[in-house]
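Here the structure comes first, spelled out in structure tokens, and everything after it is commentary.
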Amino acid sequence: MEKYSTLNPPQYEAVIHTTGPLLLLAGAGSGKTRVLTHRVAYLIEEKKVFPWKIMAITFTNKAAKEMRERVDKLIGIRGSDVWVSTFHSSCVKILRRYINEIGYDRTFSIYDTDDAKRLIREIMKAYNIDPKYYKESAVLSEISGAKNKLIGVDTYRREAQGDMRKETISRIFVEYQKRLRNYNALDFDDLLVKTVELFELSPKTLEYYQKLFEYIMVDEYQDTNGVQFRLISLLAAKHRNLCVVGDDDQSIYRFRGADIRNILDFESVYPDAKVIKLEQNYRSTKNILSAANEVIRNNRKRKVKKLWTDNDEGELVSHIVNINEKEEAGFIADTINKGISDGRDYCDFAILYRTNAQSRVLEEKMFREGIPYKLIGGVSFYQRKEIKDILAYLKIINNGTDSIAVKRIINVPRRGIGNTTVEKIQEYSDLYGISFLDGVFDATEIPNIKRGRKNVLEFAKMINEFREIAISGSLEGLMNEVLDKTEYIKTLELENTPEANDRIDNIKELSSKMIDYEEQAKEEATLLGFLEEVALIGGIDDLNDDDNKVILMTLHSAKGLEFPVIFMAGMEDGLFPSYMSINSGLNEDIEEERRLCYVGITRAKEKLYLTSARQRMLYGNTQYNQTTRFLAEIPKELLDSDTINYTPIQENTGAIQAKRDNKFFSNKPYTVTKAISQAIPAPANVTLDYIAGDLVKHSKYGIGQVKMIEAGGADYQVTVNFPSHGIKKLLASFAGLKRV
DNA sequence: AGAGTGCAGCAACTT
DNA sequence: GCTGCACTCT
């Protein structure tokens with residue numbers, strides 16, 4: 001078969017080994033996606049397996065989509081019948097069909113972390129538990145941790161005995177599960193846990209899926225947790241054609257319950273497992289790969305392996321020390337601009353960092369320099385208040401028992417239903433054992449409600465109208481009705497602030513996403529389907545490979561991706577590795593950070609820049625951190641210097657200069673010339689009615705004199721001397737300066 | 001009874 | 001720097 005002849009021997013072996021358990025240890029950049037897609041093609045074409053008998057679990061929806069496309073390319077349209085999806089999506093698909101067998105309704109809501117926290121808060125309030133001693137986030141992560149290990153409420157309670165803190169948490173845990181069930185809701189962990197429960201309680205359901213999935217493949221196996229392991233074990237128990245692919249060196253989700261033992265112990269769980277190692281890297285230069293190998297070899301708990309490559313030596317790895325995080329961003333922007341003038345595309349670059357908090361400064365700099373960029377993760381679109389509000393309205397149309405959603409929006413926008421009224425409804429609902437929303441519908445019966453009654457009844461009427469439209473009309477029509485009747489957008493329009501306008505834009509975007517969904521899914525489009533898609537969408541799922549933009553994201557999000565040029569920003573002890581991991585004193589914690597570092601390094605194909613700052617403003621205070629310990633693990637000969645001190649001097653001209661301050665390598669000066677910042681065309685969208693020397697007025701700082709105006713790609717930076725506040729640098733589009 | 005406002009507490013990584 | 005919450009005002 002010609003299409004398989006391009007595979008190297010171990011890759012080929014992995015493709016044709018289709019029967020029985022297979023552990024594929026695939027190093028970074030070793031072509032595992034190629035193996036997986038060819039393996040699917042081989043099963044269908046050569047082994048005549050029906051496509052729908054193959055299940056492939058990926059880590060993100062994006063990976064699932066890519067895999068399906070690549071299989072389609074190999075064998076044509078039949079590929080689309082293969083079951084390719086993430087753990088969570090797979091479970092939702094199964095539960096939507098069979099969850100009634102374990103006492104939930106098929107219209108169940110999916111709770112994200114924010115919803116779950118609200119529920120915890122609600123319970124702690126009802127139980128008078130002091131949030132000072134029991135932080136909701138800590139309680140939630142304890143509960144989540146238990147679930148990921150398949151520890152149920154009963155076991156947890158038993159094991160908590162004698163431990164005050166755990167006993168309290170176990171009380172919350174019990175009530176949390178009880179309320180989730182009453183609200184007909186599942187949190188992220190429950191999606192997996194309840195599927196396992198379903199399989200264990202309903203043998204015929206399990207058998208159905210066991211028969212269906214003759215061949216199972218799991219990607220990123222090193223990041224599976226206890227529930228996921230159980231789930232896969234159950235599904236694969238009949239045919240045992242289980243192929244897991246992973247790299248223990250890239251296990252970076254321990255905090256989420258990932259258990260590295262799943263991959264390390266695979267051979268003892270499946271003694272007949274075939275083990276194949278993919279150790280040839282096709283992605284990176286020799287220098288980059290060596291740096292990665294040298295860092296990761298400091299970890300003790302790992303399978304022995306050594307990645308190698310036939311690729312060129314390539315450039316040395318650069319480490320740049322900056323004065324502070326702003327200069328770090330400046331260096332990165334300058335280097336990107338230089339790359340662009342050397343013929344690179346923006347999409348050749350990715351900036352990786354440890355914490356989302358670092359993104360702001362970087363983003364600002366990209367914006368100012370006119371560098372097109374895309375920020376992945378952070379506060380995602382679907383976590384925004386206005387989006388969650390609208391989604392809450394949609395949720396309760398399907399599932400009125402979802403009291404978290406009902407209480408979220410009963411008075412949003414303000415409609416005169418205050419706390420007191422809400423409490424009265426709650427008391428009444430509890431008394432009669434009905435859901436909160438049913439209490440709302442009964443508002444005429446509830447004693448002691450005064451001013452709010454009329455408003456509550458109007459709210460109830462509105463929800464009923466939505467439900468009628470949901471039955472007969474289109475999703476688009478429903479959305480318009482919700483936006484119109486709730487007056488959500490109208491309320492924002494009245495605020496007339498930039499933030500409110502942003503929110504309106506976001507809601508419009510949500511609306512068009514819904515229309516897109518409806519058009520794509522055609523007759524199959526349902527409200528439930530839309531809500532489901534929205535609930536499970538992940539940060540990098542909307543990363544579009546066709547966009548010519550610099551990508552900004554966390555190291556975690558970068559897993560599985562590759563770029564010609566990588567910047568790893570914030571290479572400082574305390575930031576990376578994080579404080580938490582250093583303070584815990586556990587070597588495992590540092591090892592996890594080191595794996596994260598390894599993941600970052602191995603994303604780079606041609607050039608790797610490591611940047612750090614001597615001084616960094618984070619969470620409102622200034623830190624002075626040492627360069628990360630991981631840097632010392634990279635041998636000197638792989639670095640193009642010990643340190644390059646990047647010191648842009650901003651004089652009155654605003655020129656940016658780089659100066660090398662290095663006694664070892666002073667023969668190779670690193671310079672970024674002023675020409676780069678001037679090569680950018682003047683901003684197109686902003687016009688200024690003042691020039692240097694003019695007096696301008698600022699809303700906060702009062703009147704000052706313009707000292708300098710610098711052009712960025714998309715905006716002007718204006719330096720103004722305010723007698724009362726000193727010299728300020730402002731962005732023209734934000735500052736709203738008026739000539740006086 | 002609800003709305004508006006000042007203030008404390010918090011702040012990894014993510015499906 | 002942002003968010004939920006207690007407190008005061010209408």
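Just so we're on the same page: first chain in the structure tokens is A, next is B, and so on; residues restart at 1 for each chain, and ligands are numbered from 1 in the order they show up.
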
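Selecting strand (DSSP E or B) from the backbone DSSP output for segment 211-291 of chain A yields Tyr215, Ile216, Met217, Val218, Asn225, Leu242, Cys243, Val244, Val245, Gly246, Ala258, Lys274, Val275, Ile276, Lys277, Leu278, Gln280 and Asn281 of chain A.
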
File dump, residues just selected, all heavy atoms, as a short mmCIF file (atom, residue, chain, number, x, y, z; two decimals), in the first residue's frame:
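Output saved as out_0.cif:
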data_model
loop_
_atom_site.label_atom_id
_atom_site.label_comp_id
_atom_site.auth_asym_id
_atom_site.auth_seq_id
_atom_site.Cartn_x
_atom_site.Cartn_y
_atom_site.Cartn_z
N TYR A 215 -12.72 -1.25 17.99
CA TYR A 215 -11.36 -0.70 18.06
C TYR A 215 -11.39 0.65 18.76
O TYR A 215 -12.17 1.53 18.39
CB TYR A 215 -10.78 -0.55 16.65
CG TYR A 215 -10.59 -1.89 15.98
CD1 TYR A 215 -11.63 -2.47 15.26
CD2 TYR A 215 -9.39 -2.59 16.11
CE1 TYR A 215 -11.48 -3.72 14.67
CE2 TYR A 215 -9.23 -3.83 15.53
CZ TYR A 215 -10.27 -4.40 14.82
OH TYR A 215 -10.12 -5.63 14.26
N ILE A 216 -10.57 0.79 19.77
CA ILE A 216 -10.54 2.04 20.53
C ILE A 216 -9.13 2.61 20.55
O ILE A 216 -8.16 1.88 20.75
CB ILE A 216 -11.02 1.81 21.98
CG1 ILE A 216 -12.46 1.27 21.97
CG2 ILE A 216 -10.92 3.09 22.81
CD1 ILE A 216 -12.99 0.91 23.34
N MET A 217 -9.04 3.91 20.29
CA MET A 217 -7.74 4.58 20.36
C MET A 217 -7.87 5.79 21.28
O MET A 217 -8.85 6.52 21.21
CB MET A 217 -7.33 5.08 18.98
CG MET A 217 -6.89 3.97 18.07
SD MET A 217 -6.60 4.62 16.44
CE MET A 217 -7.62 3.48 15.54
N VAL A 218 -6.87 5.98 22.12
CA VAL A 218 -6.89 7.13 23.02
C VAL A 218 -5.60 7.92 22.86
O VAL A 218 -4.51 7.39 23.05
CB VAL A 218 -7.03 6.69 24.50
CG1 VAL A 218 -7.15 7.92 25.40
CG2 VAL A 218 -8.21 5.77 24.68
N ASN A 225 -7.22 10.61 33.61
CA ASN A 225 -7.34 10.45 35.05
C ASN A 225 -8.05 9.14 35.39
O ASN A 225 -8.33 8.33 34.50
CB ASN A 225 -8.05 11.66 35.67
CG ASN A 225 -9.45 11.86 35.12
OD1 ASN A 225 -10.13 10.91 34.78
ND2 ASN A 225 -9.86 13.11 35.04
N LEU A 242 -7.29 -2.16 22.18
CA LEU A 242 -7.11 -0.83 22.73
C LEU A 242 -5.73 -0.30 22.42
O LEU A 242 -4.72 -0.92 22.76
CB LEU A 242 -7.31 -0.89 24.26
CG LEU A 242 -6.99 0.39 25.04
CD1 LEU A 242 -7.91 1.52 24.63
CD2 LEU A 242 -7.10 0.12 26.53
N CYS A 243 -5.71 0.82 21.73
CA CYS A 243 -4.43 1.43 21.40
C CYS A 243 -4.34 2.77 22.12
O CYS A 243 -5.17 3.66 21.90
CB CYS A 243 -4.34 1.63 19.89
SG CYS A 243 -3.04 2.75 19.36
N VAL A 244 -3.38 2.89 23.02
CA VAL A 244 -3.21 4.17 23.70
C VAL A 244 -1.91 4.82 23.25
O VAL A 244 -0.90 4.15 23.05
CB VAL A 244 -3.24 4.04 25.23
CG1 VAL A 244 -4.55 3.43 25.70
CG2 VAL A 244 -2.07 3.23 25.74
N VAL A 245 -1.98 6.13 23.06
CA VAL A 245 -0.83 6.87 22.56
C VAL A 245 -0.48 7.96 23.54
O VAL A 245 -1.36 8.71 23.97
CB VAL A 245 -1.16 7.54 21.21
CG1 VAL A 245 0.09 8.14 20.60
CG2 VAL A 245 -1.79 6.54 20.27
N GLY A 246 0.76 8.05 23.90
CA GLY A 246 1.11 9.11 24.83
C GLY A 246 2.60 9.22 25.05
O GLY A 246 3.39 8.49 24.48
N ALA A 258 -5.04 13.98 36.39
CA ALA A 258 -4.34 13.07 35.49
C ALA A 258 -3.37 12.22 36.29
O ALA A 258 -2.67 12.70 37.17
CB ALA A 258 -3.59 13.86 34.42
N LYS A 274 1.52 -4.90 23.42
CA LYS A 274 2.67 -4.64 22.56
C LYS A 274 3.10 -3.20 22.81
O LYS A 274 2.26 -2.31 22.95
CB LYS A 274 2.22 -4.81 21.11
CG LYS A 274 3.19 -4.33 20.09
CD LYS A 274 3.79 -5.49 19.33
CE LYS A 274 4.83 -4.99 18.35
NZ LYS A 274 5.79 -6.04 18.00
N VAL A 275 4.41 -2.98 22.93
CA VAL A 275 4.89 -1.62 23.17
C VAL A 275 5.74 -1.16 21.99
O VAL A 275 6.67 -1.86 21.58
CB VAL A 275 5.73 -1.54 24.46
CG1 VAL A 275 6.18 -0.10 24.71
CG2 VAL A 275 4.94 -2.06 25.64
N ILE A 276 5.40 -0.04 21.43
CA ILE A 276 6.18 0.51 20.33
C ILE A 276 6.60 1.93 20.69
O ILE A 276 5.80 2.72 21.19
CB ILE A 276 5.37 0.51 19.01
CG1 ILE A 276 5.00 -0.92 18.62
CG2 ILE A 276 6.15 1.20 17.89
CD1 ILE A 276 4.08 -1.02 17.42
N LYS A 277 7.88 2.22 20.46
CA LYS A 277 8.36 3.57 20.75
C LYS A 277 8.62 4.33 19.46
O LYS A 277 9.24 3.80 18.54
CB LYS A 277 9.68 3.50 21.53
CG LYS A 277 9.54 3.09 22.96
CD LYS A 277 10.89 3.19 23.68
CE LYS A 277 10.78 2.67 25.10
NZ LYS A 277 12.06 2.75 25.82
N LEU A 278 8.14 5.54 19.41
CA LEU A 278 8.48 6.42 18.29
C LEU A 278 9.46 7.45 18.83
O LEU A 278 9.11 8.29 19.65
CB LEU A 278 7.23 7.13 17.76
CG LEU A 278 6.08 6.26 17.25
CD1 LEU A 278 4.96 7.14 16.73
CD2 LEU A 278 6.56 5.30 16.17
N GLN A 280 11.95 9.04 16.71
CA GLN A 280 12.50 10.00 15.74
C GLN A 280 11.61 11.23 15.67
O GLN A 280 10.42 11.13 15.39
CB GLN A 280 12.64 9.38 14.35
CG GLN A 280 13.22 10.40 13.36
CD GLN A 280 13.52 9.82 11.98
OE1 GLN A 280 13.24 8.64 11.72
NE2 GLN A 280 14.06 10.65 11.11
N ASN A 281 12.22 12.37 15.91
CA ASN A 281 11.50 13.63 15.87
C ASN A 281 11.64 14.26 14.49
O ASN A 281 12.75 14.36 13.96
CB ASN A 281 12.07 14.55 16.96
CG ASN A 281 11.53 15.96 16.88
OD1 ASN A 281 11.74 16.67 15.90
ND2 ASN A 281 10.83 16.38 17.91
#

Contact residues around DC2 of chain C with only C-alpha atoms (C1' of nucleotides) at 12 Å, ignoring same-chain residues under 4 positions, as a list in words
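Listed by chain and then number, they are Val379, Tyr619 and Gly620 of chain A; DG9, DC10 and DA11 of chain B.
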
Provide as a ChimeraX atom specification the residues of chain B at most 10 Å from chain A, counting only C-alpha atoms (C1' of nucleotides).
/B:1-3,9-15

Return the single residue from A:Lys385, A:Tyr12, A:Glu46, A:Arg39 that is closest to chain C, with distances computed using only C-alpha atoms (C1' of nucleotides).
A:Lys385

Which residues of chain C come within 12 Å of chain A, and for each one, what is the closest pair of atoms and their distance in Å to one decimal, counting only C-alpha atoms (C1' of nucleotides), sorted by chain and residue number, as JSON lines?
{"residue": "C:DG1", "atom": "C1'", "partner": "A:Gly620", "partner_atom": "CA", "distance": 7.3}
{"residue": "C:DC2", "atom": "C1'", "partner": "A:Tyr619", "partner_atom": "CA", "distance": 11.0}
{"residue": "C:DT3", "atom": "C1'", "partner": "A:Lys385", "partner_atom": "CA", "distance": 11.3}
{"residue": "C:DG4", "atom": "C1'", "partner": "A:Arg121", "partner_atom": "CA", "distance": 10.8}

File dump, residues just selected, C-alpha atoms (C1' of nucleotides), as a PDB file, in the first residue's frame:
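Result file is result_27.pdb:
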ATOM      1  C1'  DG C   1      -6.902  44.868  38.583  1.00  0.00           C
ATOM      2  C1'  DC C   2     -11.720  42.442  39.190  1.00  0.00           C
ATOM      3  C1'  DT C   3     -15.861  40.342  41.739  1.00  0.00           C
ATOM      4  C1'  DG C   4     -19.227  39.270  45.255  1.00  0.00           C
TER       5       DG C   4
END

So that I can see what lies close to segment 517-520 of chain A, please list as a PyMOL selection string the residues with an atom at most 7 Å from it, counting only C-alpha atoms (C1' of nucleotides) and leaving out residues fewer than 4 positions away in the same chain.
chain A and resi 475+513+525+530

Just N, CA, C and O atoms for this one: save the residues we selected as a short mmCIF file (atom, residue, chain, number, x, y, z; two decimals), in the first residue's frame.
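out_16.cif written:
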data_model
loop_
_atom_site.label_atom_id
_atom_site.label_comp_id
_atom_site.auth_asym_id
_atom_site.auth_seq_id
_atom_site.Cartn_x
_atom_site.Cartn_y
_atom_site.Cartn_z
N LEU A 475 -34.43 28.41 16.14
CA LEU A 475 -33.53 28.85 17.20
C LEU A 475 -33.27 30.35 17.07
O LEU A 475 -33.23 31.08 18.05
N LYS A 513 -23.44 32.93 16.24
CA LYS A 513 -22.96 31.55 16.41
C LYS A 513 -24.14 30.57 16.43
O LYS A 513 -24.07 29.46 15.93
N ALA A 525 -30.83 20.43 14.28
CA ALA A 525 -30.54 21.53 15.19
C ALA A 525 -31.56 21.56 16.33
O ALA A 525 -32.76 21.60 16.11
N PHE A 530 -27.26 22.92 20.75
CA PHE A 530 -26.48 24.15 20.77
C PHE A 530 -25.84 24.38 22.13
O PHE A 530 -24.65 24.67 22.24
#

Suppose you want the space between atom CA of Pro51 of chain A and atom CA of Pro10 of chain A; what is it in Å?
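Separation between atom CA of Pro51 of chain A and atom CA of Pro10 of chain A: 24.3 Å.
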
Ala41 of chain A environment, 12 Å, only C-alpha atoms (C1' of nucleotides), sequence neighbours closer than 4 positions dropped, as a ChimeraX atom specification
/A:1,3-4,15-16,18,34-37,45-51,54,67-82

Take the residues that were just selected and, keeping N, CA, C and O atoms, output them as a compact mmCIF listing (two decimals), in the first residue's frame.
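Once written, part29.txt looks like this:
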# COMPACT_ATOMS: atom_id res chain seq x y z
N MET A 1 0.83 -1.21 0.00
CA MET A 1 0.00 0.00 0.00
C MET A 1 0.86 1.25 0.00
O MET A 1 1.63 1.48 0.92
N LYS A 3 0.24 4.43 0.41
CA LYS A 3 0.09 5.49 1.41
C LYS A 3 0.77 5.13 2.72
O LYS A 3 1.04 5.99 3.54
N TYR A 4 1.06 3.85 2.92
CA TYR A 4 1.71 3.44 4.16
C TYR A 4 3.23 3.37 4.03
O TYR A 4 3.94 3.15 4.99
N VAL A 15 0.82 0.93 12.92
CA VAL A 15 -0.37 1.00 12.08
C VAL A 15 -0.95 -0.39 11.83
O VAL A 15 -2.17 -0.60 11.91
N ILE A 16 -0.08 -1.35 11.59
CA ILE A 16 -0.60 -2.68 11.23
C ILE A 16 -0.86 -3.58 12.44
O ILE A 16 -1.49 -4.61 12.32
N THR A 18 -3.11 -4.24 14.86
CA THR A 18 -4.46 -3.79 15.16
C THR A 18 -5.17 -4.62 16.21
O THR A 18 -6.16 -4.20 16.77
N ARG A 34 -0.03 11.23 12.52
CA ARG A 34 0.05 10.49 11.26
C ARG A 34 -0.23 9.02 11.48
O ARG A 34 -0.96 8.38 10.73
N VAL A 35 0.36 8.49 12.55
CA VAL A 35 0.15 7.08 12.83
C VAL A 35 -1.32 6.81 13.11
O VAL A 35 -1.92 5.88 12.56
N LEU A 36 -1.92 7.65 13.94
CA LEU A 36 -3.32 7.43 14.30
C LEU A 36 -4.23 7.49 13.07
O LEU A 36 -5.09 6.63 12.88
N THR A 37 -4.02 8.49 12.23
CA THR A 37 -4.90 8.62 11.07
C THR A 37 -4.68 7.47 10.09
O THR A 37 -5.63 6.91 9.56
N GLU A 45 -9.72 0.24 5.38
CA GLU A 45 -9.43 -0.21 4.02
C GLU A 45 -8.93 -1.64 3.95
O GLU A 45 -9.36 -2.41 3.10
N GLU A 46 -8.02 -1.96 4.85
CA GLU A 46 -7.37 -3.27 4.74
C GLU A 46 -8.07 -4.33 5.59
O GLU A 46 -8.17 -5.47 5.20
N LYS A 47 -8.51 -3.91 6.77
CA LYS A 47 -9.13 -4.88 7.68
C LYS A 47 -10.65 -4.91 7.53
O LYS A 47 -11.34 -5.64 8.24
N LYS A 48 -11.14 -4.08 6.64
CA LYS A 48 -12.57 -4.03 6.34
C LYS A 48 -13.43 -3.82 7.59
O LYS A 48 -14.49 -4.43 7.74
N VAL A 49 -12.94 -2.99 8.48
CA VAL A 49 -13.71 -2.67 9.68
C VAL A 49 -14.68 -1.54 9.32
O VAL A 49 -14.31 -0.60 8.62
N PHE A 50 -15.93 -1.65 9.79
CA PHE A 50 -16.87 -0.56 9.54
C PHE A 50 -16.40 0.68 10.30
O PHE A 50 -16.04 0.58 11.48
N PRO A 51 -16.44 1.84 9.66
CA PRO A 51 -15.92 3.06 10.30
C PRO A 51 -16.55 3.33 11.67
O PRO A 51 -15.87 3.77 12.59
N ILE A 54 -15.12 2.14 15.08
CA ILE A 54 -13.85 2.66 15.58
C ILE A 54 -14.09 3.90 16.42
O ILE A 54 -14.80 4.83 16.00
N MET A 67 -8.43 15.40 13.08
CA MET A 67 -8.23 13.98 12.82
C MET A 67 -9.26 13.49 11.80
O MET A 67 -8.92 12.75 10.88
N ARG A 68 -10.49 13.92 11.96
CA ARG A 68 -11.52 13.48 11.03
C ARG A 68 -11.20 13.96 9.62
O ARG A 68 -11.32 13.22 8.65
N GLU A 69 -10.73 15.20 9.53
CA GLU A 69 -10.39 15.75 8.21
C GLU A 69 -9.25 14.96 7.57
O GLU A 69 -9.26 14.69 6.36
N ARG A 70 -8.27 14.62 8.40
CA ARG A 70 -7.12 13.91 7.83
C ARG A 70 -7.47 12.50 7.42
O ARG A 70 -6.96 11.99 6.41
N VAL A 71 -8.36 11.86 8.17
CA VAL A 71 -8.81 10.52 7.77
C VAL A 71 -9.60 10.62 6.48
O VAL A 71 -9.42 9.83 5.55
N ASP A 72 -10.45 11.64 6.40
CA ASP A 72 -11.22 11.85 5.18
C ASP A 72 -10.31 11.99 3.97
O ASP A 72 -10.58 11.48 2.89
N LYS A 73 -9.22 12.70 4.17
CA LYS A 73 -8.28 12.91 3.08
C LYS A 73 -7.67 11.60 2.62
O LYS A 73 -7.41 11.40 1.44
N LEU A 74 -7.43 10.71 3.59
CA LEU A 74 -6.80 9.44 3.26
C LEU A 74 -7.75 8.48 2.56
O LEU A 74 -7.37 7.79 1.62
N ILE A 75 -8.98 8.41 3.03
CA ILE A 75 -9.86 7.36 2.50
C ILE A 75 -11.19 7.87 1.99
O ILE A 75 -12.08 7.09 1.66
N GLY A 76 -11.36 9.20 1.96
CA GLY A 76 -12.63 9.71 1.47
C GLY A 76 -13.67 9.80 2.56
O GLY A 76 -13.39 9.59 3.74
N ILE A 77 -14.87 10.07 2.14
CA ILE A 77 -15.95 10.48 3.03
C ILE A 77 -16.28 9.47 4.13
O ILE A 77 -16.81 9.83 5.18
N ARG A 78 -15.94 8.20 3.93
CA ARG A 78 -16.28 7.18 4.93
C ARG A 78 -15.70 7.52 6.31
O ARG A 78 -16.21 7.10 7.33
N GLY A 79 -14.63 8.28 6.28
CA GLY A 79 -13.97 8.64 7.52
C GLY A 79 -14.88 9.36 8.51
O GLY A 79 -14.70 9.28 9.72
N SER A 80 -15.88 10.03 7.98
CA SER A 80 -16.72 10.82 8.88
C SER A 80 -17.62 9.95 9.77
O SER A 80 -18.25 10.46 10.69
N ASP A 81 -17.69 8.68 9.47
CA ASP A 81 -18.49 7.79 10.32
C ASP A 81 -17.72 7.28 11.54
O ASP A 81 -18.29 6.62 12.40
N VAL A 82 -16.42 7.58 11.58
CA VAL A 82 -15.64 7.16 12.74
C VAL A 82 -16.04 8.03 13.94
O VAL A 82 -16.28 9.23 13.78

Near-Ala291 of chain A list (12 Å; only C-alpha atoms (C1' of nucleotides); drop same-chain fewer than 6 positions) as a ChimeraX atom specification:
/A:284-285,297-298,307-308,313,315-318,597-602,604,607-610,630-639

Please, could you write that set of residues out with C-alpha atoms as a PDB file, in the first residue's frame?
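This went into part.pdb:
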ATOM      1  CA  SER A 284      12.635  20.430  15.564  1.00  0.00           C
ATOM      2  CA  THR A 285      16.236  21.281  14.808  1.00  0.00           C
ATOM      3  CA  ARG A 297      16.525  14.122  31.694  1.00  0.00           C
ATOM      4  CA  ASN A 298      16.556  15.782  35.116  1.00  0.00           C
ATOM      5  CA  LEU A 307      14.481  11.470  21.033  1.00  0.00           C
ATOM      6  CA  TRP A 308      16.689  12.060  18.006  1.00  0.00           C
ATOM      7  CA  GLU A 313      21.551  21.707  13.616  1.00  0.00           C
ATOM      8  CA  GLU A 315      20.177  28.085  15.235  1.00  0.00           C
ATOM      9  CA  LEU A 316      21.198  28.146  18.861  1.00  0.00           C
ATOM     10  CA  VAL A 317      18.612  28.743  21.538  1.00  0.00           C
ATOM     11  CA  SER A 318      18.473  32.358  22.696  1.00  0.00           C
ATOM     12  CA  CYS A 597       8.957  23.299  30.054  1.00  0.00           C
ATOM     13  CA  TYR A 598       9.721  20.306  27.862  1.00  0.00           C
ATOM     14  CA  VAL A 599       6.367  20.659  26.141  1.00  0.00           C
ATOM     15  CA  GLY A 600       7.110  24.324  25.483  1.00  0.00           C
ATOM     16  CA  ILE A 601      10.571  23.752  24.041  1.00  0.00           C
ATOM     17  CA  THR A 602       9.421  20.955  21.777  1.00  0.00           C
ATOM     18  CA  ALA A 604       9.515  24.992  18.292  1.00  0.00           C
ATOM     19  CA  LYS A 607      13.991  28.893  16.574  1.00  0.00           C
ATOM     20  CA  LEU A 608      13.446  29.141  20.296  1.00  0.00           C
ATOM     21  CA  TYR A 609      13.638  32.300  22.380  1.00  0.00           C
ATOM     22  CA  LEU A 610      13.561  32.101  26.151  1.00  0.00           C
ATOM     23  CA  PHE A 630      15.411  25.078  33.958  1.00  0.00           C
ATOM     24  CA  LEU A 631      17.732  27.361  32.021  1.00  0.00           C
ATOM     25  CA  ALA A 632      20.740  26.085  33.925  1.00  0.00           C
ATOM     26  CA  GLU A 633      19.840  22.612  32.708  1.00  0.00           C
ATOM     27  CA  ILE A 634      20.452  23.599  29.107  1.00  0.00           C
ATOM     28  CA  PRO A 635      24.171  23.216  28.277  1.00  0.00           C
ATOM     29  CA  LYS A 636      25.998  26.426  27.411  1.00  0.00           C
ATOM     30  CA  GLU A 637      26.939  25.242  23.950  1.00  0.00           C
ATOM     31  CA  LEU A 638      23.282  25.112  22.954  1.00  0.00           C
ATOM     32  CA  LEU A 639      22.701  28.706  23.957  1.00  0.00           C
TER      33      LEU A 639
END

Among segment 299-546 of chain A, which ones does DSSP assign to alpha helix (DSSP H) (computed from the backbone)? Answer as a VMD selection string.
chain A and resid 325 to 341 359 to 369 385 to 398 403 to 409 419 to 432 436 to 441 452 to 472 475 to 485 488 to 495 498 to 521 527 to 536

Interatomic distance between atom CA of Leu483 of chain A and atom CA of Ile387 of chain A?
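Between these atoms lies a distance of 11.5 Å.
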